[in-house]
Structures are given as structure tokens and as C-alpha cells.
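Data file: final_1.pdb. Format and content: PDB, C-alpha atoms.
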ATOM      1  CA  MET V  86       4.295  11.474  14.942
ATOM      2  CA  ALA V  87       6.362   9.644  12.361
ATOM      3  CA  PRO V  88       7.788   6.256  13.418
ATOM      4  CA  GLU V  89      11.488   5.638  13.872
ATOM      5  CA  HIS V  90      13.354   4.786  10.655
ATOM      6  CA  ARG V  91      15.494   1.690  10.254
ATOM      7  CA  SER V  92      17.465   0.847   7.119
ATOM      8  CA  PHE V  93      17.343  -2.367   5.141
ATOM      9  CA  ALA V  94      19.010  -3.811   2.086
ATOM     10  CA  PRO V  95      18.313  -7.423   1.007
ATOM     11  CA  HIS V  96      21.476  -8.964   2.502
ATOM     12  CA  PRO V  97      21.634 -11.871   4.970
ATOM     13  CA  THR V  98      24.034 -10.127   7.394
ATOM     14  CA  ARG V  99      21.578  -7.352   8.235
ATOM     15  CA  ARG V 100      19.738  -7.642  11.555
ATOM     16  CA  ARG V 101      17.531  -4.596  11.897
ATOM     17  CA  LEU V 102      15.875  -4.946   8.552
ATOM     18  CA  LEU V 103      12.936  -2.672   8.040
ATOM     19  CA  THR V 104      11.357   0.667   8.733
ATOM     20  CA  ALA V 105       8.175   0.456  10.743
ATOM     21  CA  GLY V 106       5.472   2.576   9.171
ATOM     22  CA  ALA V 107       7.711   4.216   6.561
ATOM     23  CA  ALA V 108       5.284   3.559   3.757
ATOM     24  CA  THR V 109       4.307   7.216   3.488
ATOM     25  CA  ALA V 110       6.355  10.178   4.533
ATOM     26  CA  GLY V 111       4.741  12.236   7.258
ATOM     27  CA  ALA V 112       2.177   9.598   8.227
ATOM     28  CA  VAL V 113       0.332  10.534  11.400
ATOM     29  CA  LEU V 114      -1.133   8.256  14.058
ATOM     30  CA  VAL V 115      -4.806   7.624  13.480
ATOM     31  CA  GLY V 116      -7.224   7.781  16.387
ATOM     32  CA  SER V 117      -9.318   5.020  17.820
ATOM     33  CA  ALA V 118     -12.576   5.133  15.908
ATOM     34  CA  GLY V 119     -14.086   6.037  12.561
ATOM     35  CA  THR V 120     -17.339   7.938  12.143
ATOM     36  CA  PRO V 121     -19.416   8.356   8.985
ATOM     37  CA  ALA V 122     -17.589  10.391   6.365
ATOM     38  CA  ALA V 123     -20.590  12.688   6.062
ATOM     39  CA  ALA V 124     -19.704  14.008   9.527
ATOM     40  CA  ALA V 125     -16.341  15.378   8.408
ATOM     41  CA  GLY V 126     -15.283  18.845   9.492
ATOM     42  CA  LYS V 127     -16.316  21.981   7.657
ATOM     43  CA  THR V 128     -12.849  22.830   6.381
ATOM     44  CA  ARG V 129     -12.051  19.349   5.091
ATOM     45  CA  PRO V 130     -14.146  17.657   2.408
ATOM     46  CA  ALA V 131     -15.671  14.328   3.380
ATOM     47  CA  VAL V 132     -15.617  13.183  -0.248
ATOM     48  CA  ILE V 133     -12.960  14.038  -2.831
ATOM     49  CA  HIS V 134     -14.316  13.614  -6.336
ATOM     50  CA  LEU V 135     -12.016  12.219  -9.013
ATOM     51  CA  PRO V 136     -12.383  12.556 -12.793
ATOM     52  CA  ASN V 137     -15.088  10.373 -14.316
ATOM     53  CA  GLY V 138     -13.660   7.094 -15.552
ATOM     54  CA  PHE V 139     -10.440   7.455 -13.520
ATOM     55  CA  ARG V 140     -10.637   4.029 -11.796
ATOM     56  CA  PRO V 141      -8.486   4.622  -8.662
ATOM     57  CA  GLU V 142      -6.785   1.830  -6.735
ATOM     58  CA  GLY V 143      -3.698   3.021  -4.845
ATOM     59  CA  ILE V 144      -3.264   6.143  -2.712
ATOM     60  CA  ALA V 145      -0.227   7.774  -1.130
ATOM     61  CA  VAL V 146      -0.003  10.817   1.130
ATOM     62  CA  GLY V 147       3.199  12.661   1.977
ATOM     63  CA  GLY V 148       4.127  15.292   4.526
ATOM     64  CA  GLY V 149       2.006  17.952   2.827
ATOM     65  CA  PRO V 150      -1.775  18.014   2.421
ATOM     66  CA  TYR V 151      -1.808  16.166  -0.896
ATOM     67  CA  ALA V 152      -2.917  12.688  -1.889
ATOM     68  CA  TYR V 153      -1.660  10.921  -4.999
ATOM     69  CA  LEU V 154      -3.858   8.362  -6.718
ATOM     70  CA  GLY V 155      -3.157   6.016  -9.605
ATOM     71  CA  SER V 156      -5.515   4.970 -12.381
ATOM     72  CA  LEU V 157      -6.185   1.325 -13.183
ATOM     73  CA  GLY V 158      -7.154   2.524 -16.646
ATOM     74  CA  ASP V 159      -4.222   4.354 -18.206
ATOM     75  CA  GLY V 160      -1.891   4.630 -15.207
ATOM     76  CA  SER V 161      -2.176   8.411 -14.812
ATOM     77  CA  ILE V 162      -1.336   9.959 -11.451
ATOM     78  CA  TYR V 163      -3.835  12.397  -9.928
ATOM     79  CA  ARG V 164      -2.964  14.804  -7.114
ATOM     80  CA  ALA V 165      -5.754  15.932  -4.771
ATOM     81  CA  ASP V 166      -5.550  18.751  -2.236
ATOM     82  CA  LEU V 167      -6.892  17.286   1.009
ATOM     83  CA  ARG V 168      -7.895  20.747   2.241
ATOM     84  CA  THR V 169     -10.116  21.652  -0.693
ATOM     85  CA  GLY V 170     -10.739  18.460  -2.646
ATOM     86  CA  GLU V 171      -9.420  20.093  -5.812
ATOM     87  CA  GLY V 172      -6.818  18.410  -7.979
ATOM     88  CA  GLY V 173      -5.544  17.388 -11.363
ATOM     89  CA  ILE V 174      -3.387  14.981 -13.330
ATOM     90  CA  VAL V 175       0.315  15.445 -12.525
ATOM     91  CA  SER V 176       1.617  12.570 -14.645
ATOM     92  CA  THR V 177      -0.082  11.214 -17.744
ATOM     93  CA  GLY V 178      -0.090   7.445 -17.682
ATOM     94  CA  PRO V 179       1.789   5.179 -20.070
ATOM     95  CA  GLY V 180      -1.434   3.345 -20.953
ATOM     96  CA  THR V 181      -0.867   0.554 -18.420
ATOM     97  CA  PRO V 182      -2.291   0.300 -14.879
ATOM     98  CA  SER V 183      -1.111   1.967 -11.719
ATOM     99  CA  VAL V 184      -1.999  -0.147  -8.684
ATOM    100  CA  GLY V 185      -0.242   0.236  -5.305
ATOM    101  CA  LEU V 186       1.610   3.504  -4.619
ATOM    102  CA  LYS V 187       4.113   4.749  -2.056
ATOM    103  CA  LEU V 188       5.716   8.197  -1.842
ATOM    104  CA  ASP V 189       9.202   8.897  -0.512
ATOM    105  CA  HIS V 190      10.464  12.144   1.012
ATOM    106  CA  ARG V 191      12.156  13.052  -2.281
ATOM    107  CA  GLY V 192       8.799  13.382  -4.030
ATOM    108  CA  ARG V 193       9.222  10.116  -5.920
ATOM    109  CA  LEU V 194       6.207   7.887  -6.318
ATOM    110  CA  PHE V 195       6.899   4.140  -6.487
ATOM    111  CA  VAL V 196       4.181   2.489  -8.537
ATOM    112  CA  ALA V 197       3.209  -1.184  -8.789
ATOM    113  CA  GLY V 198       2.221  -1.666 -12.415
ATOM    114  CA  ARG V 199       0.367  -4.969 -12.450
ATOM    115  CA  GLY V 200       1.716  -7.082 -15.384
ATOM    116  CA  GLN V 201       4.161  -4.355 -16.394
ATOM    117  CA  GLY V 202       6.281  -4.497 -13.235
ATOM    118  CA  ALA V 203       7.090  -1.223 -11.511
ATOM    119  CA  ARG V 204       8.015   2.366 -12.246
ATOM    120  CA  VAL V 205       9.088   5.466 -10.352
ATOM    121  CA  VAL V 206       7.448   8.829 -11.067
ATOM    122  CA  ASP V 207       8.671  12.324 -10.154
ATOM    123  CA  THR V 208       5.571  13.983  -8.684
ATOM    124  CA  ARG V 209       6.985  17.454  -9.328
ATOM    125  CA  THR V 210       7.518  17.033 -13.067
ATOM    126  CA  GLY V 211       5.415  13.978 -13.899
ATOM    127  CA  GLU V 212       8.462  12.329 -15.464
ATOM    128  CA  ILE V 213       8.866   8.552 -15.267
ATOM    129  CA  LEU V 214      12.315   8.263 -13.701
ATOM    130  CA  ALA V 215      12.741   4.500 -14.076
ATOM    131  CA  SER V 216      10.843   1.360 -15.066
ATOM    132  CA  TYR V 217      11.493  -2.191 -13.895
ATOM    133  CA  VAL V 218      10.563  -5.645 -15.124
ATOM    134  CA  LEU V 219      10.178  -7.399 -11.779
ATOM    135  CA  THR V 220       9.919 -10.930 -13.171
ATOM    136  CA  THR V 221       9.721 -12.853 -16.414
ATOM    137  CA  ALA V 222       7.404 -15.446 -14.827
ATOM    138  CA  THR V 223       3.823 -15.570 -16.066
ATOM    139  CA  PRO V 224       1.260 -14.699 -14.997
ATOM    140  CA  THR V 225       2.434 -11.796 -12.851
ATOM    141  CA  PHE V 226       0.579  -9.039 -11.033
ATOM    142  CA  ALA V 227       2.671  -6.411  -9.198
ATOM    143  CA  ASN V 228       0.040  -5.271  -6.742
ATOM    144  CA  ASP V 229       1.425  -3.245  -3.841
ATOM    145  CA  VAL V 230       4.618  -1.586  -2.664
ATOM    146  CA  PHE V 231       6.211  -0.728   0.684
ATOM    147  CA  LEU V 232       9.209   1.552   1.201
ATOM    148  CA  THR V 233      12.074   1.486   3.638
ATOM    149  CA  PRO V 234      15.040   3.885   3.410
ATOM    150  CA  ARG V 235      17.074   1.319   1.456
ATOM    151  CA  THR V 236      14.491  -0.894  -0.296
ATOM    152  CA  ALA V 237      11.272  -0.751  -2.266
ATOM    153  CA  TRP V 238       9.330  -3.999  -1.774
ATOM    154  CA  PHE V 239       6.673  -5.190  -4.249
ATOM    155  CA  THR V 240       4.113  -7.979  -3.925
ATOM    156  CA  ASP V 241       3.071 -10.265  -6.778
ATOM    157  CA  SER V 242      -0.503 -11.512  -6.518
ATOM    158  CA  TYR V 243       0.035 -14.298  -9.058
ATOM    159  CA  GLN V 244       3.484 -15.559  -8.032
ATOM    160  CA  PRO V 245       4.726 -16.705  -4.570
ATOM    161  CA  ALA V 246       7.388 -14.015  -4.459
ATOM    162  CA  LEU V 247       8.328 -10.542  -3.294
ATOM    163  CA  TYR V 248      10.581  -8.258  -5.325
ATOM    164  CA  ALA V 249      13.111  -5.892  -3.768
ATOM    165  CA  LEU V 250      14.561  -2.812  -5.446
ATOM    166  CA  PRO V 251      17.682  -1.933  -3.427
ATOM    167  CA  LEU V 252      18.125   1.830  -3.094
ATOM    168  CA  GLY V 253      21.449   3.601  -2.766
ATOM    169  CA  ARG V 254      22.680   5.256   0.396
ATOM    170  CA  HIS V 255      21.327   8.580  -0.832
ATOM    171  CA  GLY V 256      18.246   7.096  -2.424
ATOM    172  CA  GLU V 257      19.780   6.313  -5.807
ATOM    173  CA  LEU V 258      17.523   4.141  -7.943
ATOM    174  CA  PRO V 259      18.887   0.725  -8.922
ATOM    175  CA  ASP V 260      19.690  -0.459 -12.418
ATOM    176  CA  PRO V 261      17.006  -2.545 -14.151
ATOM    177  CA  ASP V 262      18.925  -5.790 -13.588
ATOM    178  CA  ASP V 263      19.315  -5.217  -9.826
ATOM    179  CA  VAL V 264      15.861  -6.542  -8.890
ATOM    180  CA  VAL V 265      16.072  -9.155  -6.105
ATOM    181  CA  THR V 266      13.460 -11.951  -5.977
ATOM    182  CA  ILE V 267      12.510 -13.432  -2.599
ATOM    183  CA  THR V 268      10.488 -16.658  -2.910
ATOM    184  CA  LEU V 269       7.745 -17.104  -0.312
ATOM    185  CA  SER V 270       7.808 -20.373   1.644
ATOM    186  CA  GLY V 271       7.009 -21.705   5.122
ATOM    187  CA  ASP V 272       3.303 -21.286   5.885
ATOM    188  CA  TRP V 273       2.688 -19.713   2.489
ATOM    189  CA  SER V 274       0.473 -21.849   0.223
ATOM    190  CA  GLN V 275       0.021 -20.250  -3.176
ATOM    191  CA  VAL V 276      -3.389 -20.581  -4.826
ATOM    192  CA  PRO V 277      -2.505 -21.260  -8.488
ATOM    193  CA  GLY V 278      -3.613 -19.283 -11.504
ATOM    194  CA  GLU V 279      -4.860 -15.737 -11.737
ATOM    195  CA  VAL V 280      -6.126 -15.629  -8.160
ATOM    196  CA  VAL V 281      -5.177 -12.736  -5.888
ATOM    197  CA  ASN V 282      -2.695 -14.066  -3.334
ATOM    198  CA  ALA V 283      -0.131 -11.590  -1.932
ATOM    199  CA  ASN V 284      -1.623  -8.123  -1.826
ATOM    200  CA  GLY V 285      -0.982  -5.405   0.775
ATOM    201  CA  ILE V 286       2.433  -5.141   2.413
ATOM    202  CA  THR V 287       3.943  -3.280   5.363
ATOM    203  CA  SER V 288       6.422  -4.022   8.169
ATOM    204  CA  THR V 289       6.113  -5.334  11.706
ATOM    205  CA  PRO V 290       6.057  -2.605  14.383
ATOM    206  CA  ASP V 291       9.654  -3.314  15.407
ATOM    207  CA  GLY V 292      10.841  -3.350  11.797
ATOM    208  CA  SER V 293      12.217  -6.898  12.013
ATOM    209  CA  ALA V 294      10.061  -8.438   9.275
ATOM    210  CA  LEU V 295       7.420  -7.791   6.641
ATOM    211  CA  LEU V 296       3.678  -8.323   6.857
ATOM    212  CA  VAL V 297       1.763  -9.469   3.770
ATOM    213  CA  VAL V 298      -1.955 -10.163   3.477
ATOM    214  CA  GLN V 299      -3.033 -13.076   1.283
ATOM    215  CA  SER V 300      -6.357 -11.914  -0.116
ATOM    216  CA  GLY V 301      -7.932 -15.088  -1.433
ATOM    217  CA  VAL V 302      -7.566 -17.048   1.815
ATOM    218  CA  GLY V 303      -7.818 -14.070   4.159
ATOM    219  CA  GLY V 304      -4.539 -14.723   5.992
ATOM    220  CA  LEU V 305      -1.897 -12.355   7.350
ATOM    221  CA  HIS V 306       1.714 -13.541   7.056
ATOM    222  CA  ARG V 307       4.894 -12.431   8.796
ATOM    223  CA  VAL V 308       7.717 -12.718   6.231
ATOM    224  CA  ASP V 309      11.446 -12.970   6.893
ATOM    225  CA  PRO V 310      12.806 -10.697   4.126
ATOM    226  CA  ARG V 311      16.161 -12.488   4.077
ATOM    227  CA  THR V 312      14.724 -15.923   3.352
ATOM    228  CA  GLY V 313      11.068 -15.483   2.341
ATOM    229  CA  VAL V 314       9.967 -17.923   5.048
ATOM    230  CA  THR V 315       6.508 -16.943   6.286
ATOM    231  CA  LYS V 316       4.512 -17.613   9.416
ATOM    232  CA  VAL V 317       0.799 -16.969   9.764
ATOM    233  CA  VAL V 318       0.197 -14.155  12.260
ATOM    234  CA  ASP V 319      -1.865 -15.316  15.234
ATOM    235  CA  LEU V 320      -4.882 -12.987  15.287
ATOM    236  CA  GLY V 321      -6.810 -14.990  17.870
ATOM    237  CA  ASP V 322     -10.494 -15.448  17.158
ATOM    238  CA  ALA V 323     -10.635 -12.706  14.521
ATOM    239  CA  ALA V 324     -12.526 -13.558  11.350
ATOM    240  CA  PRO V 325     -10.452 -14.251   8.203
ATOM    241  CA  LEU V 326      -9.295 -11.128   6.408
ATOM    242  CA  THR V 327     -11.409 -11.950   3.380
ATOM    243  CA  ASN V 328     -10.497  -9.784   0.381
ATOM    244  CA  GLY V 329      -7.739  -8.198   2.456
ATOM    245  CA  ASP V 330      -6.178  -5.459   0.367
ATOM    246  CA  GLY V 331      -4.163  -2.454   1.542
ATOM    247  CA  LEU V 332      -2.302  -2.493   4.874
ATOM    248  CA  LEU V 333      -1.526   0.598   6.948
ATOM    249  CA  LEU V 334       0.664   0.423  10.057
ATOM    250  CA  THR V 335       0.827   3.277  12.575
ATOM    251  CA  GLY V 336       2.820   2.402  15.688
ATOM    252  CA  ARG V 337       1.480  -1.012  16.705
ATOM    253  CA  THR V 338      -1.928  -0.463  15.120
ATOM    254  CA  LEU V 339      -2.563  -2.277  11.855
ATOM    255  CA  TYR V 340      -5.426  -1.268   9.553
ATOM    256  CA  VAL V 341      -6.462  -3.967   7.067
ATOM    257  CA  VAL V 342      -8.715  -2.732   4.261
ATOM    258  CA  GLN V 343     -11.085  -5.459   3.031
ATOM    259  CA  ASN V 344     -12.333  -4.186  -0.276
ATOM    260  CA  ARG V 345     -15.566  -6.033  -1.078
ATOM    261  CA  GLN V 346     -16.447  -6.142   2.612
ATOM    262  CA  ASN V 347     -16.455  -2.310   2.595
ATOM    263  CA  ALA V 348     -14.627  -2.429   5.891
ATOM    264  CA  ILE V 349     -11.360  -1.829   7.703
ATOM    265  CA  ASP V 350     -10.399  -4.249  10.476
ATOM    266  CA  VAL V 351      -8.096  -2.788  13.119
ATOM    267  CA  PHE V 352      -5.590  -4.846  15.137
ATOM    268  CA  ARG V 353      -3.152  -4.187  17.948
ATOM    269  CA  LEU V 354       0.024  -6.085  17.075
ATOM    270  CA  ALA V 355       2.852  -7.457  19.147
ATOM    271  CA  ALA V 356       6.045  -5.540  18.473
ATOM    272  CA  ASP V 357       7.508  -8.411  16.444
ATOM    273  CA  GLY V 358       4.271  -8.870  14.470
ATOM    274  CA  ARG V 359       3.872 -12.536  15.381
ATOM    275  CA  SER V 360       0.466 -12.004  16.974
ATOM    276  CA  GLY V 361      -2.261  -9.418  17.230
ATOM    277  CA  ALA V 362      -5.646  -8.731  18.807
ATOM    278  CA  PHE V 363      -8.719  -7.503  16.986
ATOM    279  CA  GLN V 364      -9.772  -4.039  18.158
ATOM    280  CA  ARG V 365     -12.694  -2.910  16.022
ATOM    281  CA  ARG V 366     -14.146  -2.679  12.531
ATOM    282  CA  ILE V 367     -14.514   0.639  10.703
ATOM    283  CA  THR V 368     -17.246   0.964   8.101
ATOM    284  CA  ASP V 369     -18.916   3.876   6.368
ATOM    285  CA  PRO V 370     -22.064   4.071   4.224
ATOM    286  CA  LEU V 371     -20.068   5.866   1.538
ATOM    287  CA  PHE V 372     -17.581   3.019   1.074
ATOM    288  CA  ASP V 373     -17.893   1.431  -2.387
ATOM    289  CA  VAL V 374     -15.153  -1.221  -2.517
ATOM    290  CA  PRO V 375     -12.284   0.784  -0.984
ATOM    291  CA  THR V 376      -8.936  -0.799  -1.753
ATOM    292  CA  THR V 377      -6.408   0.793   0.581
ATOM    293  CA  ALA V 378      -5.864   3.639   3.023
ATOM    294  CA  ALA V 379      -3.442   6.474   3.644
ATOM    295  CA  ALA V 380      -3.295   8.612   6.781
ATOM    296  CA  TYR V 381      -2.908  12.342   7.242
ATOM    297  CA  ARG V 382      -3.376  14.294  10.473
ATOM    298  CA  GLY V 383      -5.719  11.821  12.101
ATOM    299  CA  TRP V 384      -7.801  11.015   9.031
ATOM    300  CA  LEU V 385      -7.934   7.931   6.850
ATOM    301  CA  TYR V 386      -8.341   8.431   3.095
ATOM    302  CA  LEU V 387      -9.663   5.531   1.018
ATOM    303  CA  PRO V 388     -10.217   5.407  -2.763
ATOM    304  CA  ASN V 389     -13.460   3.790  -3.840
ATOM    305  CA  ALA V 390     -12.428   1.397  -6.628
ATOM    306  CA  ARG V 391     -16.043   0.353  -7.268
ATOM    307  CA  PHE V 392     -15.070  -3.129  -8.495
ATOM    308  CA  THR V 393     -18.714  -4.209  -8.473
ATOM    309  CA  THR V 394     -19.607  -1.452 -10.974
ATOM    310  CA  THR V 395     -18.835  -1.856 -14.672
ATOM    311  CA  PRO V 396     -16.278   0.857 -15.524
ATOM    312  CA  THR V 397     -17.155   3.302 -18.278
ATOM    313  CA  PRO V 398     -15.722   6.703 -19.252
ATOM    314  CA  ASP V 399     -18.615   8.273 -17.327
ATOM    315  CA  THR V 400     -18.408   6.184 -14.146
ATOM    316  CA  THR V 401     -17.880   8.409 -11.104
ATOM    317  CA  TYR V 402     -15.118   7.758  -8.579
ATOM    318  CA  ASP V 403     -14.123   9.359  -5.311
ATOM    319  CA  VAL V 404     -12.006   9.205  -2.169
ATOM    320  CA  ILE V 405     -13.716   8.871   1.220
ATOM    321  CA  SER V 406     -12.213  10.447   4.326
ATOM    322  CA  VAL V 407     -12.932   8.789   7.663
ATOM    323  CA  PRO V 408     -12.207  11.019  10.666
ATOM    324  CA  ALA V 409     -10.545   9.526  13.715
TER     325      ALA V 409
END

Represent the supplied structure as C-alpha cells.
Amino acid sequence: MAPEHRSFAPHPTRRRLLTAGAATAGAVLVGSAGTPAAAAGKTRPAVIHLPNGFRPEGIAVGGGPYAYLGSLGDGSIYRADLRTGEGGIVSTGPGTPSVGLKLDHRGRLFVAGRGQGARVVDTRTGEILASYVLTTATPTFANDVFLTPRTAWFTDSYQPALYALPLGRHGELPDPDDVVTITLSGDWSQVPGEVVNANGITSTPDGSALLVVQSGVGGLHRVDPRTGVTKVVDLGDAAPLTNGDGLLLTGRTLYVVQNRQNAIDVFRLAADGRSGAFQRRITDPLFDVPTTAAAYRGWLYLPNARFTTTPTPDTTYDVISVPA
């Protein structure tokens, strides 16, 4: 079932700040264990093939049986039917990358655009509804996005900052100059240069703060969205989240995709997100550098970015489904 929604706008007087698990509309609780994708059910493809040369990175799933994927190549958006594996381009890219994606219940896809900031795409028409320069600092790498009813949050892998796009009461998109920058501090120690720092983002289970994984050092941070002050989440004796990428929260269960490890580490979090306990690791022989995960009806869907393979127009790409 879908988690409870809580509103947030970046304002210091707010107390209940975030929406737990609101990253994708219609997200469904995932079960306790993954099995090899080749064992998927007869009516649901284990592997969804994407166009050659597509170079997927982000994935978003809404209330219907469709996944949306963005291309690191030209930024095009591909829609795949999770029942059949069939699909096609619904929005031709602007020639710049699409990285992290999140879909709202209005059919709008919020896209992290690496050095180009962010944009919002209408999945029904393919139209780019708005584009945003998130920062003028260099270098910059808008990597992932998380949605609450009143805010779209973006991570920057090259700058110690989060960017907030405040949404109107009825979901109105902000003006280009309304971007709010939240500087990360506290336990956060930025590795300088073009090194991947902040990557995946979600909320704590109780919606009181944000969670951000710092890929290069393998740490998970709890972030106060009013101040940017971070605290490392106590994960006990769990190994570092090396190459931590996409985060998926369902209830109090956090899935951390670790791309070059070809693995998903699963944690049970405290409600406030200050601590967590390692539960298990999910792997699959078909994983080939998966970057993130989306959930639909008890299945995880992960795009194989294949970062260890030189991309060409003929390189094959796919999405792997891991049954619960």
C-alpha cells in the first residue's frame, strides 16, 4: 500500500517536513527476498530490452504498469509496459543527459539533468514543461531527485548542496528563479573535484528528514532539510555502501542499490532514520551495473547501466526485474 503523505515546503517554521516513500506514485511494498530474475513469472518478463545504445540510468514507475527510463546519451524518455516488455520513446531528448527520475500523480516526470540542471516532462505529450538551472557553481552534477507533495529535491554529486523546487498548493511548477539551495554541513565531508558525492535521495520513514547516500565514501546521511545539517546514519556493523546509488524506501525498509557491486543492500530503519539494521543483500546474475530501483506490485525493476562496458550505438541495454 502507498505510504502516508506529508507536505513540505523549504521553510523553517514547518515541522512535519517530508513524505515518506512518495518518490513514485503507487509504489507497493516489496517482499523480503529477491530470487534470480530468470525465475520471473510467465506473464511478466524477467528482462525488458531497451533500444540499442539507449544508456539507461534512472527509472520511475507510477500507479499503472509502466516504467519510464531516461537516456544518459540524448536524454530521451522511454516508456516500457511492465506486463509485456514492449515500449517506445515518449519524449525525444534535448541532447543532454537524463539521470535520476521521479514521476508524480499528474503524469509529470521530474528529471535530474546532470550539468544542465533539471527539467519536467509531460509523459502524456512528451513536452518539456519547464527547465531549471539549479546552480551556477562549477562543476555541477544533478544526479537524483525525490518528490514530496510540495517540493522536488535534487542532489548534486559535485557540490555539497541539495536543491529544492517548491511546488504550489495544486502542484504548480515554480519560476526558474525560485530554486532554493540547501548547503550540506555537519557530518558531511565533500570529496573535492569531479568525484561522485551525493547521489540517491529519499526520506526517513517518518518523513521528518531526508536520506542521502554519499557514493564515494559509502556513507548514508540523515539531512535536516531546513538547515542542511547532516548526521551519519548508524547502520551498525554493515559494510560501507560503496558505490551507493539509487535509494528506495518502502515503509521502514530501505533498498540501497550499489551499482558496481551489482547488489542491493536492504536495511530496516528506525522511524526517524537515525539508525538502521542490515537485513540482507539481493543480487542477480543478470545485474550489469544497475543504478537504481523502482517498485511495482512486489517487484523491483533495475536498469542495467553497464558502466563497465564502452557505450556504442549497438550496445544492448535492459531492465532486470527481481521478484519479491

Inset, instruction - Please write as number ranges by chain the full residue list that the PyMOL selection byres ((chain V and resi 400) around 9) yields on this file. - result: V: 136-140, 394-399, 401-402

Where does stretch 249-270 of chain V meet stretch 233-245 of chain V within 8 Å, residue by residue, with the nearest atom pair and distance in Å to one decimal for each, counting all atoms listed in the file, listed by chain and rising number, as a tab-separated table?
residue	atom	partner	partner_atom	distance
V:Ala249	CA	V:Trp238	CA	4.7
V:Leu250	CA	V:Ala237	CA	5.0
V:Pro251	CA	V:Thr236	CA	4.6
V:Leu252	CA	V:Arg235	CA	4.7
V:Gly253	CA	V:Arg235	CA	6.5
V:Arg254	CA	V:Arg235	CA	6.9
V:Gly256	CA	V:Arg235	CA	7.1
V:Thr268	CA	V:Pro245	CA	6.0
V:Leu269	CA	V:Pro245	CA	5.2
V:Ser270	CA	V:Pro245	CA	7.8

Legend entry - Protein, DNA and RNA residues within 9 Å of (-16.4, -13.7, 0.7), only C-alpha atoms, as a count of residues only: 5

Inset, instruction - Measure the distance from atom CA of V:Ser216 to atom CA of V:Thr287 in Å and round it to one decimal. - result: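 Here the two named atoms are 22.1 Å from each other.
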
Legend entry - Length of the atom CA of V:Ile267 to atom CA of V:Gly143 vector [Å]: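 Computing the Euclidean distance for atom CA of V:Ile267 and atom CA of V:Gly143 yields 23.2 Å.
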
Legend entry - Residues matched by the PyMOL selection byres ((chain V and resi 322) around 12) as a list of chain:residue names: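 Going through the file, the PyMOL selection byres ((chain V and resi 322) around 12) ends up selecting V:Val318, V:Asp319, V:Leu320, V:Gly321, V:Ala323, V:Ala324, V:Pro325, V:Leu326, V:Phe352, V:Ser360, V:Gly361, V:Ala362, V:Phe363, V:Gln364.
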
Inset, instruction - Please provide as a list in words all residues within 6 Å of stretch 175-179 of chain V, with the sequence filter that same-chain residues fewer than 3 positions apart are discarded (counting all atoms listed in the file). - result: Asp159, Gly160, Ser161, Ile162, Tyr163 and Gly211 of chain V

Writing out the chosen residues with C-alpha atoms as a tab-separated table (two decimals), in the coordinates of the input:
chain	number	residue	atom	x	y	z
V	159	ASP	CA	-4.22	4.35	-18.21
V	160	GLY	CA	-1.89	4.63	-15.21
V	161	SER	CA	-2.18	8.41	-14.81
V	162	ILE	CA	-1.34	9.96	-11.45
V	163	TYR	CA	-3.84	12.40	-9.93
V	211	GLY	CA	5.42	13.98	-13.90

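If only C-alpha atoms are the atoms counted, then among V:Gly173, V:Gly148, V:Pro290, V:Pro259 the closest residue to V:His134 is V:Gly173.
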
Using the chain letters and numbering of this document, enumerate as a PDB file with C-alpha atoms, keeping the file's coordinate frame the residues selected by the PyMOL selection byres ((chain V and resi 222) around 12).
ATOM      1  CA  GLY V 200       1.716  -7.082 -15.384  1.00  0.00           C
ATOM      2  CA  GLN V 201       4.161  -4.355 -16.394  1.00  0.00           C
ATOM      3  CA  GLY V 202       6.281  -4.497 -13.235  1.00  0.00           C
ATOM      4  CA  VAL V 218      10.563  -5.645 -15.124  1.00  0.00           C
ATOM      5  CA  LEU V 219      10.178  -7.399 -11.779  1.00  0.00           C
ATOM      6  CA  THR V 220       9.919 -10.930 -13.171  1.00  0.00           C
ATOM      7  CA  THR V 221       9.721 -12.853 -16.414  1.00  0.00           C
ATOM      8  CA  THR V 223       3.823 -15.570 -16.066  1.00  0.00           C
ATOM      9  CA  PRO V 224       1.260 -14.699 -14.997  1.00  0.00           C
ATOM     10  CA  THR V 225       2.434 -11.796 -12.851  1.00  0.00           C
ATOM     11  CA  PHE V 226       0.579  -9.039 -11.033  1.00  0.00           C
ATOM     12  CA  ALA V 227       2.671  -6.411  -9.198  1.00  0.00           C
ATOM     13  CA  ASP V 241       3.071 -10.265  -6.778  1.00  0.00           C
ATOM     14  CA  TYR V 243       0.035 -14.298  -9.058  1.00  0.00           C
ATOM     15  CA  GLN V 244       3.484 -15.559  -8.032  1.00  0.00           C
ATOM     16  CA  PRO V 245       4.726 -16.705  -4.570  1.00  0.00           C
ATOM     17  CA  ALA V 246       7.388 -14.015  -4.459  1.00  0.00           C
ATOM     18  CA  THR V 266      13.460 -11.951  -5.977  1.00  0.00           C
TER      19      THR V 266
END

Legend entry - Distance query stretch 192-195 of chain V at most 7 Å, only C-alpha atoms, self and fewer than 4 positions along chain excluded, as a count of residues only: 9

With 3 Å of padding per side, what axis-aligned box (centre and edge lengths, Å, one decimal) covers all the listed atoms of stretch 199-207 of chain V? Give it as AutoDock Vina command-line options.
--center_x 4.7 --center_y 2.6 --center_z -13.3 --size_x 14.7 --size_y 25.4 --size_z 12.2

Legend entry - d(atom CA of V:Leu295, atom CA of V:Tyr151) in Å: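 These two atoms are separated by 26.8 Å.
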
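Residues with at least one atom no more than 6 Å from (1.8, 2.0, -11.0), using all atoms listed in the file, are Pro182, Ser183, Val184, Val196, Ala197 and Gly198 of chain V.
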
Inset, instruction - Would you mind telling me which residue in V:Gly149, V:Pro375, V:Pro370, V:Pro261 lies nearest to V:Gly331 when using only C-alpha atoms? - result: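 Result for the nearest residue to V:Gly331: V:Pro375.
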
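Neighbours of V:Leu332 closer than or equal to 9 Å, with all atoms listed in the file counted and sequence neighbours fewer than 5 positions away skipped, come out as Asn284, Gly285, Ile286, Thr287, Leu296, Val297, Val298, Leu339, Tyr340, Val341, Val342, Thr377 and Ala378 of chain V.
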
Legend entry - Proximity to V:Asp189 - best of V:Gly336, V:Gly147, V:Gly170, V:Gly155, all atoms listed in the file: V:Gly147

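Minimum atom-to-atom distances from V:Arg168, V:Arg365, V:Arg382, V:Arg199 to V:Thr335 were compared using all atoms listed in the file, and the lowest value belongs to V:Arg382.
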
Legend entry - Which residue of V:Lys316, V:Asp330, V:Ile367, V:His255 approaches V:Ala283 most closely, using only C-alpha atoms: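 Checking each candidate against V:Ala283, we get V:Asp330 as the closest.
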